[in-house]
>>> print(open('run.cif').read())   # mmCIF, C-alpha atoms and all ligand atoms
data_coords
loop_
_atom_site.label_atom_id
_atom_site.label_comp_id
_atom_site.auth_asym_id
_atom_site.auth_seq_id
_atom_site.Cartn_x
_atom_site.Cartn_y
_atom_site.Cartn_z
CA MET A 1 18.31 4.40 -23.13
CA LYS A 2 17.28 5.87 -19.75
CA LYS A 3 13.51 5.84 -19.42
CA HIS A 4 11.22 8.35 -17.71
CA PRO A 5 10.47 7.37 -14.06
CA ASN A 6 6.78 6.90 -14.92
CA THR A 7 7.76 4.48 -17.70
CA GLN A 8 10.03 2.66 -15.27
CA ALA A 9 7.08 2.35 -12.85
CA VAL A 10 5.29 0.44 -15.63
CA ARG A 11 8.19 -1.49 -17.11
CA ILE A 12 10.53 -2.54 -14.28
CA GLN A 13 9.95 -6.26 -13.87
CA THR A 14 11.49 -9.29 -12.19
CA PRO A 15 13.39 -11.46 -14.71
CA ARG A 16 10.95 -13.61 -16.76
CA THR A 17 10.68 -17.23 -15.69
CA SER A 18 10.74 -20.16 -18.14
CA GLU A 19 6.93 -19.75 -18.45
CA LYS A 20 7.51 -16.44 -20.31
CA GLU A 21 4.76 -14.65 -18.40
CA HIS A 22 3.93 -11.07 -19.40
CA SER A 23 2.79 -9.90 -15.95
CA THR A 24 4.96 -10.59 -12.89
CA PRO A 25 3.95 -13.80 -11.08
CA LEU A 26 3.48 -13.93 -7.35
CA PHE A 27 6.47 -15.42 -5.53
CA LEU A 28 4.65 -16.72 -2.46
CA THR A 29 7.57 -18.50 -0.84
CA SER A 30 9.07 -18.03 2.60
CA SER A 31 12.54 -19.11 1.54
CA PHE A 32 14.70 -19.89 -1.51
CA GLN A 33 16.73 -22.99 -2.22
CA PHE A 34 20.37 -23.56 -3.12
CA ASP A 35 21.94 -26.03 -5.53
CA SER A 36 24.87 -26.87 -3.28
CA ALA A 37 26.35 -26.41 0.16
CA GLU A 38 29.01 -24.18 -1.44
CA GLU A 39 26.42 -21.90 -3.08
CA MET A 40 24.51 -21.66 0.19
CA ALA A 41 27.65 -20.82 2.16
CA ALA A 42 28.75 -18.21 -0.38
CA THR A 43 25.28 -16.62 -0.34
CA PHE A 44 25.26 -16.42 3.45
CA ALA A 45 28.77 -14.96 3.35
CA GLY A 46 27.49 -12.19 1.05
CA GLU A 47 29.71 -13.36 -1.84
CA LEU A 48 26.70 -14.28 -4.02
CA ASP A 49 23.64 -12.06 -4.41
CA ASN A 50 20.94 -14.76 -4.11
CA ASN A 51 17.61 -14.61 -2.33
CA ILE A 52 17.70 -16.29 1.09
CA TYR A 53 14.51 -15.71 3.04
CA THR A 54 11.45 -13.50 2.48
CA ARG A 55 11.99 -11.54 5.69
CA PHE A 56 15.20 -10.31 3.99
CA GLU A 57 14.24 -10.13 0.33
CA ASN A 58 11.81 -11.47 -2.27
CA PRO A 59 11.47 -10.81 -6.04
CA ASN A 60 8.03 -9.18 -5.70
CA VAL A 61 9.29 -6.95 -2.91
CA GLN A 62 12.40 -6.01 -4.89
CA GLU A 63 10.33 -5.10 -7.94
CA PHE A 64 8.17 -2.78 -5.83
CA ILE A 65 11.29 -1.20 -4.26
CA ASP A 66 13.00 -0.74 -7.64
CA LYS A 67 9.94 1.06 -9.03
CA MET A 68 9.75 3.32 -5.95
CA CYS A 69 13.46 4.16 -6.31
CA ALA A 70 12.91 5.05 -9.98
CA LEU A 71 9.99 7.30 -9.07
CA GLU A 72 11.72 9.02 -6.13
CA GLY A 73 15.13 9.25 -7.81
CA THR A 74 16.95 7.32 -5.10
CA GLU A 75 19.59 4.59 -4.91
CA ALA A 76 18.03 1.92 -2.72
CA GLY A 77 15.05 1.01 -0.55
CA PHE A 78 13.37 -1.34 1.88
CA ALA A 79 9.65 -2.20 1.92
CA THR A 80 7.71 -2.68 5.12
CA ALA A 81 4.37 -4.09 6.26
CA SER A 82 2.85 -0.65 6.87
CA GLY A 83 3.68 3.03 6.80
CA MET A 84 4.15 2.97 10.57
CA SER A 85 6.71 0.15 10.39
CA ALA A 86 8.61 2.24 7.82
CA ILE A 87 8.62 5.18 10.25
CA PHE A 88 9.41 3.07 13.32
CA GLY A 89 12.16 1.24 11.42
CA CYS A 90 13.79 4.58 10.53
CA PHE A 91 13.62 5.82 14.12
CA MET A 92 14.99 2.60 15.58
CA THR A 93 17.78 2.17 13.02
CA PHE A 94 19.22 5.64 13.34
CA LEU A 95 18.33 6.92 16.83
CA SER A 96 20.09 5.62 19.94
CA ALA A 97 19.84 6.47 23.62
CA GLY A 98 21.04 10.04 24.11
CA ASP A 99 20.12 11.17 20.58
CA HIS A 100 17.70 13.97 19.75
CA LEU A 101 15.05 14.15 17.01
CA LEU A 102 13.72 17.40 15.57
CA SER A 103 10.28 16.95 14.03
CA CYS A 104 7.60 19.23 12.67
CA ARG A 105 4.80 19.48 15.26
CA SER A 106 2.14 18.43 12.83
CA VAL A 107 2.73 14.73 12.14
CA PHE A 108 0.45 11.75 11.61
CA GLY A 109 -1.21 10.63 14.90
CA SER A 110 0.67 7.34 15.38
CA THR A 111 4.01 9.03 14.58
CA HIS A 112 3.15 11.60 17.27
CA THR A 113 2.39 8.74 19.70
CA ILE A 114 5.74 7.02 19.08
CA ILE A 115 7.60 10.30 19.63
CA THR A 116 5.70 11.54 22.68
CA LYS A 117 4.75 8.28 24.47
CA TYR A 118 7.57 5.85 23.71
CA PHE A 119 10.79 7.74 22.95
CA HIS A 120 11.46 8.35 26.66
CA ARG A 121 11.66 4.57 27.23
CA TRP A 122 14.77 4.49 25.06
CA ASN A 123 16.09 7.81 26.35
CA ILE A 124 15.61 9.50 22.98
CA ASP A 125 14.92 13.22 23.24
CA TYR A 126 12.80 15.24 20.79
CA SER A 127 11.68 18.77 19.97
CA TYR A 128 8.69 19.83 17.92
CA ALA A 129 9.20 22.77 15.61
CA ASP A 130 6.36 25.00 14.48
CA LEU A 131 5.66 25.42 10.80
CA ASP A 132 4.79 29.10 11.10
CA ASP A 133 8.08 29.85 12.88
CA THR A 134 10.83 28.49 10.63
CA ASP A 135 13.38 30.86 12.23
CA SER A 136 13.19 28.74 15.40
CA TRP A 137 14.19 25.46 13.70
CA GLU A 138 17.91 26.21 13.65
CA SER A 139 17.94 27.08 17.35
CA LEU A 140 16.22 23.76 18.13
CA ILE A 141 19.07 21.74 16.60
CA LYS A 142 21.30 20.43 19.41
CA PRO A 143 24.76 18.83 19.30
CA ASN A 144 23.04 15.42 19.71
CA THR A 145 20.40 16.00 17.01
CA LYS A 146 20.65 13.02 14.71
CA MET A 147 17.53 13.32 12.56
CA ILE A 148 15.00 15.82 11.24
CA PHE A 149 11.62 14.26 10.47
CA ILE A 150 8.85 16.00 8.55
CA GLU A 151 5.69 15.54 6.53
CA THR A 152 4.81 17.92 3.72
CA PRO A 153 1.90 18.42 3.08
CA THR A 154 1.03 17.50 6.66
CA ASN A 155 -1.86 15.31 7.79
CA PRO A 156 -4.50 16.69 8.30
CA GLY A 157 -3.46 20.38 8.34
CA LEU A 158 -2.07 20.42 4.75
CA ASP A 159 0.78 22.65 5.88
CA ILE A 160 3.77 22.90 3.57
CA ILE A 161 7.44 22.93 4.57
CA ASP A 162 10.05 24.38 2.24
CA LEU A 163 12.16 21.36 1.25
CA GLU A 164 14.94 23.41 -0.33
CA TRP A 165 15.44 25.40 2.87
CA LEU A 166 15.23 22.31 5.07
CA GLY A 167 17.59 20.29 2.88
CA LYS A 168 20.23 23.02 3.33
CA LEU A 169 19.65 23.18 7.09
CA ALA A 170 20.03 19.41 7.47
CA LYS A 171 23.21 19.46 5.40
CA LYS A 172 24.69 22.34 7.42
CA TYR A 173 24.26 20.39 10.67
CA LYS A 174 24.95 16.95 9.10
CA VAL A 175 21.70 15.43 10.34
CA ILE A 176 19.63 12.80 8.52
CA LEU A 177 16.62 14.40 6.84
CA VAL A 178 13.63 12.04 6.65
CA VAL A 179 10.54 13.09 4.67
CA ASP A 180 7.18 11.33 4.91
CA ASN A 181 6.10 11.92 1.28
CA CYS A 182 2.78 10.13 1.65
CA PHE A 183 0.49 13.08 0.83
CA ALA A 184 2.33 14.24 -2.30
CA THR A 185 3.50 10.89 -3.73
CA PRO A 186 6.60 10.91 -5.98
CA ILE A 187 4.37 11.96 -8.89
CA LEU A 188 3.95 15.42 -7.35
CA GLN A 189 7.08 15.88 -5.21
CA LYS A 190 10.58 14.38 -5.09
CA PRO A 191 12.24 15.27 -1.78
CA ALA A 192 15.56 13.63 -2.76
CA ALA A 193 16.07 16.45 -5.26
CA TYR A 194 16.23 18.85 -2.28
CA GLY A 195 18.66 16.74 -0.26
CA ALA A 196 16.34 14.47 1.74
CA ASP A 197 18.36 11.42 2.84
CA LEU A 198 15.40 9.09 3.34
CA ILE A 199 11.90 9.31 1.90
CA LEU A 200 9.14 7.12 3.23
CA HIS A 201 5.55 6.30 2.43
CA SER A 202 2.47 4.73 3.78
CA ALA A 203 1.90 2.72 0.59
CA THR A 204 -1.54 2.01 2.06
CA LYS A 205 -2.63 5.37 0.65
CA TRP A 206 -2.33 6.48 -3.01
CA ILE A 207 0.36 3.93 -3.90
CA ASP A 208 -2.22 1.16 -3.49
CA GLY A 209 -4.89 3.76 -4.15
CA GLN A 210 -7.77 1.33 -3.87
CA GLY A 211 -8.02 0.72 -0.13
CA ARG A 212 -6.96 -2.94 -0.29
CA VAL A 213 -3.68 -3.54 1.53
CA LEU A 214 -1.29 -2.04 4.06
CA GLY A 215 2.28 -1.36 3.06
CA GLY A 216 5.20 0.96 3.57
CA VAL A 217 8.50 1.77 1.96
CA VAL A 218 11.67 3.71 2.74
CA VAL A 219 13.98 4.81 -0.09
CA GLY A 220 17.13 6.88 -0.10
CA LYS A 221 20.91 6.82 0.03
CA LYS A 222 22.39 3.32 -0.24
CA GLU A 223 24.62 3.59 2.82
CA LEU A 224 21.61 4.49 5.00
CA ILE A 225 19.33 1.86 3.43
CA ASP A 226 22.04 -0.76 4.11
CA GLU A 227 21.83 0.14 7.82
CA LEU A 228 18.02 0.07 7.72
CA PHE A 229 18.09 -3.31 5.96
CA ALA A 230 20.46 -4.76 8.57
CA PHE A 231 18.12 -3.62 11.34
CA CYS A 232 14.84 -4.59 9.65
CA LYS A 233 15.87 -7.99 8.31
CA ASN A 234 16.55 -9.01 11.91
CA THR A 235 13.61 -7.27 13.60
CA GLY A 236 10.97 -8.35 11.06
CA PRO A 237 8.76 -5.49 9.75
CA SER A 238 9.03 -6.86 6.19
CA ILE A 239 6.13 -6.61 3.74
CA SER A 240 4.36 -9.72 2.46
CA PRO A 241 5.16 -10.68 -1.17
CA PHE A 242 1.43 -10.57 -1.96
CA ASN A 243 1.11 -6.95 -0.82
CA ALA A 244 4.31 -5.99 -2.64
CA TRP A 245 3.06 -7.67 -5.84
CA LEU A 246 -0.19 -5.75 -5.60
CA LEU A 247 1.52 -2.44 -4.82
CA SER A 248 3.95 -2.92 -7.69
CA LYS A 249 1.01 -3.40 -10.08
CA SER A 250 -0.63 -0.30 -8.57
CA LEU A 251 2.47 1.79 -9.35
CA GLU A 252 1.85 1.16 -13.06
CA THR A 253 -1.19 3.45 -12.83
CA LEU A 254 0.01 5.86 -10.13
CA ASP A 255 0.63 8.77 -12.50
CA VAL A 256 -2.74 8.57 -14.26
CA ARG A 257 -4.59 8.11 -10.98
CA ILE A 258 -2.85 11.05 -9.30
CA GLN A 259 -3.52 13.33 -12.27
CA ARG A 260 -7.25 12.54 -12.12
CA HIS A 261 -7.28 12.88 -8.29
CA CYS A 262 -5.77 16.35 -8.74
CA ASP A 263 -8.25 17.29 -11.52
CA ASN A 264 -11.12 16.38 -9.21
CA ALA A 265 -9.60 18.15 -6.18
CA GLU A 266 -9.10 21.35 -8.22
CA GLU A 267 -12.73 21.25 -9.42
CA LEU A 268 -13.94 20.71 -5.86
CA VAL A 269 -11.90 23.66 -4.58
CA LYS A 270 -13.50 25.87 -7.26
CA ALA A 271 -16.98 24.75 -6.23
CA LEU A 272 -16.31 25.42 -2.53
CA ASP A 273 -14.46 28.73 -2.88
CA GLY A 274 -16.46 31.46 -1.08
CA HIS A 275 -19.24 29.07 0.05
CA PRO A 276 -21.35 30.85 2.70
CA LYS A 277 -21.18 27.92 5.17
CA LEU A 278 -17.37 27.95 5.24
CA ASN A 279 -14.85 30.07 7.11
CA SER A 280 -12.09 28.93 4.78
CA ILE A 281 -10.84 26.20 2.48
CA LYS A 282 -7.29 24.89 2.37
CA TYR A 283 -5.54 23.41 -0.63
CA PRO A 284 -1.78 23.68 -1.37
CA PHE A 285 -2.41 25.18 -4.84
CA HIS A 286 -5.07 27.67 -3.69
CA PRO A 287 -3.64 31.22 -3.55
CA SER A 288 -5.01 31.64 0.00
CA HIS A 289 -2.71 28.86 1.29
CA PRO A 290 -0.03 30.52 3.49
CA MET A 291 2.70 28.51 1.75
CA TYR A 292 1.22 28.74 -1.77
CA GLU A 293 4.50 29.91 -3.34
CA THR A 294 6.48 27.10 -1.70
CA ALA A 295 3.88 24.54 -2.73
CA LYS A 296 4.11 25.77 -6.32
CA LYS A 297 7.91 25.57 -6.18
CA GLN A 298 8.23 22.00 -4.92
CA MET A 299 5.00 20.26 -5.96
CA LYS A 300 3.79 19.62 -9.52
CA ARG A 301 0.11 19.86 -8.52
CA GLY A 302 -1.82 20.40 -5.28
CA GLY A 303 -2.67 16.79 -4.44
CA ALA A 304 -5.91 15.01 -3.62
CA LEU A 305 -6.73 16.35 -0.18
CA VAL A 306 -8.90 19.37 0.46
CA THR A 307 -9.85 20.67 3.87
CA PHE A 308 -12.42 23.27 4.86
CA ASP A 309 -13.55 24.87 8.08
CA LEU A 310 -17.28 24.89 8.76
CA LYS A 311 -18.63 28.09 10.33
CA GLY A 312 -20.82 25.98 12.66
CA GLY A 313 -17.84 24.24 14.34
CA LEU A 314 -18.02 20.81 16.01
CA LYS A 315 -21.83 20.43 15.76
CA SER A 316 -21.85 21.26 12.06
CA GLY A 317 -18.94 18.87 11.46
CA LYS A 318 -20.98 15.92 12.75
CA LYS A 319 -24.10 17.07 10.87
CA PHE A 320 -22.08 17.34 7.66
CA LEU A 321 -20.77 13.78 7.98
CA ASN A 322 -24.25 12.41 8.73
CA ALA A 323 -25.73 14.20 5.71
CA LEU A 324 -23.31 12.69 3.19
CA GLN A 325 -24.96 10.20 0.82
CA MET A 326 -22.03 8.95 -1.28
CA LEU A 327 -18.73 9.94 0.35
CA THR A 328 -17.56 7.33 2.82
CA LEU A 329 -16.85 7.81 6.53
CA THR A 330 -13.79 5.64 7.00
CA SER A 331 -10.40 5.82 8.61
CA ASN A 332 -8.35 5.92 5.42
CA LEU A 333 -7.45 8.25 2.57
CA GLY A 334 -5.90 7.99 -0.86
CA ASP A 335 -8.62 5.73 -2.28
CA THR A 336 -10.55 5.71 -5.56
CA ARG A 337 -13.58 6.41 -3.34
CA SER A 338 -13.92 9.90 -1.88
CA ILE A 339 -13.69 9.92 1.90
CA ALA A 340 -14.72 12.54 4.46
CA SER A 341 -13.43 12.88 7.98
CA HIS A 342 -13.89 15.25 10.91
CA PRO A 343 -10.61 15.13 12.88
CA ALA A 344 -11.91 17.08 15.94
CA SER A 345 -14.54 14.42 16.77
CA THR A 346 -12.55 11.36 15.67
CA THR A 347 -8.80 10.92 15.05
CA HIS A 348 -7.77 13.97 17.09
CA ALA A 349 -10.58 14.01 19.68
CA LYS A 350 -8.15 13.18 22.54
CA LEU A 351 -5.90 16.19 21.88
CA THR A 352 -6.28 19.25 24.12
CA ASP A 353 -7.67 22.39 22.44
CA GLU A 354 -4.17 23.86 22.50
CA GLU A 355 -2.67 20.77 20.82
CA LYS A 356 -5.41 20.83 18.18
CA THR A 357 -4.70 24.48 17.37
CA GLY A 358 -0.97 23.67 17.22
CA VAL A 359 -1.54 21.17 14.43
CA GLY A 360 -4.16 23.26 12.60
CA ILE A 361 -7.30 21.40 13.68
CA THR A 362 -10.29 23.65 14.25
CA PRO A 363 -13.63 22.28 15.61
CA GLY A 364 -15.23 22.61 12.17
CA LEU A 365 -12.36 21.18 10.09
CA ILE A 366 -13.44 18.63 7.46
CA ARG A 367 -10.89 16.65 5.45
CA ILE A 368 -11.88 15.34 2.06
CA SER A 369 -9.76 12.73 0.30
CA VAL A 370 -10.95 13.38 -3.22
CA GLY A 371 -11.48 10.14 -5.11
CA LEU A 372 -11.95 9.13 -8.72
CA GLU A 373 -15.74 9.20 -8.98
CA ASN A 374 -17.16 11.61 -11.55
CA ILE A 375 -16.49 15.07 -10.12
CA GLU A 376 -20.12 16.18 -10.56
CA ASP A 377 -21.22 13.45 -8.14
CA ILE A 378 -18.51 14.36 -5.61
CA LYS A 379 -19.46 18.05 -5.73
CA ALA A 380 -23.21 17.33 -5.55
CA ASP A 381 -22.83 15.18 -2.42
CA ILE A 382 -20.60 17.68 -0.60
CA LEU A 383 -22.76 20.67 -1.53
CA GLN A 384 -26.00 19.01 -0.42
CA ALA A 385 -24.37 17.95 2.89
CA LEU A 386 -23.13 21.51 3.44
CA GLU A 387 -26.72 22.76 3.15
CA LYS A 388 -27.69 20.43 6.02
CA SER A 389 -24.65 21.14 8.22
N1 LIG B 401 2.16 8.76 7.42
C1 LIG B 401 1.07 9.44 7.02
C2 LIG B 401 1.21 10.85 6.52
C3 LIG B 401 -0.20 8.84 7.09
O1 LIG B 401 -1.29 9.53 6.69
C4 LIG B 401 -0.29 7.52 7.59
C5 LIG B 401 -1.61 6.84 7.70
O2 LIG B 401 -2.65 7.46 7.53
C6 LIG B 401 0.87 6.86 8.00
C7 LIG B 401 2.08 7.51 7.88
C8 LIG B 401 0.81 5.46 8.55
O3 LIG B 401 0.65 4.53 7.55
P1 LIG B 401 0.03 3.06 7.75
O4 LIG B 401 -1.40 3.24 8.14
O5 LIG B 401 0.23 2.42 6.43
O6 LIG B 401 0.81 2.40 8.84
#
>>> encode(input="run.cif", output="structure tokens")
Amino acid sequence: MKKHPNTQAVRIQTPRTSEKEHSTPLFLTSSFQFDSAEEMAATFAGELDNNIYTRFENPNVQEFIDKMCALEGTEAGFATASGMSAIFGCFMTFLSAGDHLLSCRSVFGSTHTIITKYFHRWNIDYSYADLDDTDSWESLIKPNTKMIFIETPTNPGLDIIDLEWLGKLAKKYKVILVVDNCFATPILQKPAAYGADLILHSATKWIDGQGRVLGGVVVGKKELIDELFAFCKNTGPSISPFNAWLLSKSLETLDVRIQRHCDNAEELVKALDGHPKLNSIKYPFHPSHPMYETAKKQMKRGGALVTFDLKGGLKSGKKFLNALQMLTLTSNLGDTRSIASHPASTTHAKLTDEEKTGVGITPGLIRISVGLENIEDIKADILQALEKS
């Protein structure tokens, strides 16, 4: 009987050992042993499907991957040490000198750095496409375009890209569509259903959800994952079994955590709507979001991130952060603890004003990663800090 993906995220488990444990044990071993020279030779020849070495595979890692595949509705996957190694692994496996990447302009800061500061070293070309000008995307595809890379919702602008439209475009031009699904998680959005070839995550965020470990994962079509595996098993971005064990346990509660994150985010949006200190608020499921209809079409709920623009700009942004009493100022998101950040004075401070506008960062933009504290306490802290901003 085929089980619901959320049940599979709870129930998929490495085969029980002779100890008959209920919860998966931790396989902290660098390598695996063979009973004979023949078995070892056959395993190395690919004739037997045994574990060899933890840089290639490990039971804890496989369990985490299998759960992610069940949740995303994909055939295969590979888990990495961080979200960035998942992204870098995808770029390096599929892009060669002379190839071209089309990416949405608004991407996570380190992804932007790889594309703009390092691609030229390997003679890889790129174009950034603007989210508010989808007509231009087709004209930016060149004969050597090999991959389209996007985030939706984007970090930190919370822009939404229509996955159905993009899936068709990628198919028409036979390019690999890669979606960073970190902000939605597979609970809220399944890009494979729209034709995405590879879906990746910073598992550091909601997949762990408790701010403990770094991790990443890429899932998708088997033929592409086989290529990624061949590249990564030799170049070494593999995840540690401990982190995979922990992330696999975290997936058992992903659905319930995300539902409560969304409940809290929706309540916060209601409390902030029309607040006199704000120019605007942004949330994918708020009717004022420019891509509200698309968000409703492809996401189950609006997610756990809320942004707002303070009327007082940069100065107010800093005052707001300093006035917070409970929310944490930290360089992470997707935690049980609510987190506030002010991109213009921190993560995106080095961008020119034009670049900031291009990715939706205004001087007064505040990003809240809404956590799992009681919503009354989250609201109270944000509202009192707004009074002082
Ligand atoms: N992608 C997105 C959308 C992110 O927000 C982040 C980190 O914040 C990353 C990728 C990178 O992930 P990691 O920090 O796990 O390397």
>>> residues_near_ligand(input="run.cif", ligand="ligand LIG 401 (chain B)", cutoff="6 Å", atoms="all atoms listed in the file", output="list of chain:residue names")
A:Ser82, A:Gly83, A:Met84, A:Phe108, A:Asn155, A:Cys182, A:Ser202, A:Thr204, A:Leu214, A:Gly215, A:Gly216
>>> atom_distance(input="run.cif", atom1="atom CA of A:Ile12", atom2="atom CA of A:Cys69")
10.8 Å
>>> atom_distance(input="run.cif", atom1="atom CA of A:Thr17", atom2="atom CA of A:Phe64")
17.7 Å
>>> residues_around(input="run.cif", residues="A:Pro237", least_positions_apart="2", cutoff="8 Å", atoms="all atoms listed in the file", output="count of residues only")
10
>>> residues_around(input="run.cif", residues="A:His348", least_positions_apart="5", cutoff="8 Å", atoms="all atoms listed in the file", output="PyMOL selection string")
chain A and resi 109+343+356
>>> closest_atom_pairs(input="run.cif", of="stretch 159-195 of chain A", to="stretch 241-256 of chain A", cutoff="10 Å", atoms="all atoms listed in the file", output="CSV")
residue,atom,partner,partner_atom,distance
A:Thr185,CA,A:Leu254,CA,8.9
A:Pro186,CA,A:Asp255,CA,9.1
A:Ile187,CA,A:Asp255,CA,6.1
A:Leu188,CA,A:Asp255,CA,9.0
>>> residues_around(input="run.cif", residues="A:Ile225", least_positions_apart="5", cutoff="10 Å", atoms="only C-alpha atoms", output="PyMOL selection string")
chain A and resi 75-78+90+93+197-198+218-220+230-231
>>> closest_residue(input="run.cif", among="A:Pro191, A:Pro25, A:Pro284, A:Gly236", to="A:Trp165", atoms="all atoms listed in the file")
A:Pro191
>>> axis_aligned_box(input="run.cif", around="stretch 57-76 of chain A", padding_each_side="6 Å", output="JSON")
{"center_x": 13.8, "center_y": -1.1, "center_z": -4.8, "size_x": 23.6, "size_y": 32.7, "size_z": 22.3}
>>> atom_distance(input="run.cif", atom1="atom CA of A:Ile176", atom2="atom CA of A:Ile199")
10.8 Å
>>> residues_near_point(input="run.cif", point="(-5.0, 30.4, 0.2)", cutoff="12 Å", atoms="only C-alpha atoms", output="list of chain:residue names")
A:Leu158, A:Asp159, A:Val269, A:Asp273, A:Gly274, A:Ser280, A:Ile281, A:Lys282, A:Tyr283, A:Pro284, A:Phe285, A:His286, A:Pro287, A:Ser288, A:His289, A:Pro290, A:Met291, A:Tyr292, A:Glu293, A:Ala295, A:Gly302, A:Val306, A:Thr307, A:Phe308
>>> closest_residue(input="run.cif", among="A:Asn374, A:Asn51, A:Gln210, A:Thr43", to="A:Asp335", atoms="all atoms listed in the file")
A:Gln210
>>> residues_around(input="run.cif", residues="stretch 378-382 of chain A", least_positions_apart="2", cutoff="10 Å", atoms="all atoms listed in the file", output="PyMOL selection string")
chain A and resi 264-265+267-272+320-321+323-327+337-340+368+370-376+384-387
>>> write_last_selection(input="run.cif", atoms="C-alpha atoms", output="PDB file, in the coordinates of the input")
ATOM      1  CA  ASN A 264     -11.120  16.380  -9.210  1.00  0.00           C
ATOM      2  CA  ALA A 265      -9.600  18.150  -6.180  1.00  0.00           C
ATOM      3  CA  GLU A 267     -12.730  21.250  -9.420  1.00  0.00           C
ATOM      4  CA  LEU A 268     -13.940  20.710  -5.860  1.00  0.00           C
ATOM      5  CA  VAL A 269     -11.900  23.660  -4.580  1.00  0.00           C
ATOM      6  CA  LYS A 270     -13.500  25.870  -7.260  1.00  0.00           C
ATOM      7  CA  ALA A 271     -16.980  24.750  -6.230  1.00  0.00           C
ATOM      8  CA  LEU A 272     -16.310  25.420  -2.530  1.00  0.00           C
ATOM      9  CA  PHE A 320     -22.080  17.340   7.660  1.00  0.00           C
ATOM     10  CA  LEU A 321     -20.770  13.780   7.980  1.00  0.00           C
ATOM     11  CA  ALA A 323     -25.730  14.200   5.710  1.00  0.00           C
ATOM     12  CA  LEU A 324     -23.310  12.690   3.190  1.00  0.00           C
ATOM     13  CA  GLN A 325     -24.960  10.200   0.820  1.00  0.00           C
ATOM     14  CA  MET A 326     -22.030   8.950  -1.280  1.00  0.00           C
ATOM     15  CA  LEU A 327     -18.730   9.940   0.350  1.00  0.00           C
ATOM     16  CA  ARG A 337     -13.580   6.410  -3.340  1.00  0.00           C
ATOM     17  CA  SER A 338     -13.920   9.900  -1.880  1.00  0.00           C
ATOM     18  CA  ILE A 339     -13.690   9.920   1.900  1.00  0.00           C
ATOM     19  CA  ALA A 340     -14.720  12.540   4.460  1.00  0.00           C
ATOM     20  CA  ILE A 368     -11.880  15.340   2.060  1.00  0.00           C
ATOM     21  CA  VAL A 370     -10.950  13.380  -3.220  1.00  0.00           C
ATOM     22  CA  GLY A 371     -11.480  10.140  -5.110  1.00  0.00           C
ATOM     23  CA  LEU A 372     -11.950   9.130  -8.720  1.00  0.00           C
ATOM     24  CA  GLU A 373     -15.740   9.200  -8.980  1.00  0.00           C
ATOM     25  CA  ASN A 374     -17.160  11.610 -11.550  1.00  0.00           C
ATOM     26  CA  ILE A 375     -16.490  15.070 -10.120  1.00  0.00           C
ATOM     27  CA  GLU A 376     -20.120  16.180 -10.560  1.00  0.00           C
ATOM     28  CA  GLN A 384     -26.000  19.010  -0.420  1.00  0.00           C
ATOM     29  CA  ALA A 385     -24.370  17.950   2.890  1.00  0.00           C
ATOM     30  CA  LEU A 386     -23.130  21.510   3.440  1.00  0.00           C
ATOM     31  CA  GLU A 387     -26.720  22.760   3.150  1.00  0.00           C
TER      32      GLU A 387
END
>>> residues_around(input="run.cif", residues="A:Ser103", least_positions_apart="2", cutoff="10 Å", atoms="only C-alpha atoms", output="PyMOL selection string")
chain A and resi 100-101+105-107+112+115+126-130+137+140+147-151+177-178
>>> closest_residue(input="run.cif", among="A:Leu310, A:Thr74, A:Thr116, A:Gly167", to="A:Lys222", atoms="all atoms listed in the file")
A:Thr74
>>> decode(input="run.cif", residues="stretch 289-312 of chain A", atoms="C-alpha atoms", output="PDB file, in the first residue's frame")
ATOM      1  CA  HIS A 289       1.761  40.296  -3.042  1.00  0.00           C
ATOM      2  CA  PRO A 290       2.315  40.937  -6.787  1.00  0.00           C
ATOM      3  CA  MET A 291       2.373  37.179  -7.459  1.00  0.00           C
ATOM      4  CA  TYR A 292      -0.412  36.264  -5.001  1.00  0.00           C
ATOM      5  CA  GLU A 293      -2.343  34.202  -7.574  1.00  0.00           C
ATOM      6  CA  THR A 294       0.766  32.247  -8.587  1.00  0.00           C
ATOM      7  CA  ALA A 295       1.693  31.660  -4.951  1.00  0.00           C
ATOM      8  CA  LYS A 296      -1.811  30.310  -4.296  1.00  0.00           C
ATOM      9  CA  LYS A 297      -1.544  28.053  -7.352  1.00  0.00           C
ATOM     10  CA  GLN A 298       1.780  26.404  -6.527  1.00  0.00           C
ATOM     11  CA  MET A 299       2.135  26.669  -2.738  1.00  0.00           C
ATOM     12  CA  LYS A 300      -0.098  25.052  -0.107  1.00  0.00           C
ATOM     13  CA  ARG A 301       0.464  27.884   2.386  1.00  0.00           C
ATOM     14  CA  GLY A 302       2.501  31.107   2.477  1.00  0.00           C
ATOM     15  CA  GLY A 303       5.526  29.877   4.435  1.00  0.00           C
ATOM     16  CA  ALA A 304       7.292  31.143   7.528  1.00  0.00           C
ATOM     17  CA  LEU A 305       8.962  34.301   6.284  1.00  0.00           C
ATOM     18  CA  VAL A 306       7.411  37.735   6.481  1.00  0.00           C
ATOM     19  CA  THR A 307       9.088  40.929   5.368  1.00  0.00           C
ATOM     20  CA  PHE A 308       8.074  44.535   5.937  1.00  0.00           C
ATOM     21  CA  ASP A 309       9.395  47.912   4.912  1.00  0.00           C
ATOM     22  CA  LEU A 310       9.860  50.473   7.674  1.00  0.00           C
ATOM     23  CA  LYS A 311       8.895  54.040   6.762  1.00  0.00           C
ATOM     24  CA  GLY A 312      12.014  55.316   8.574  1.00  0.00           C
TER      25      GLY A 312
END
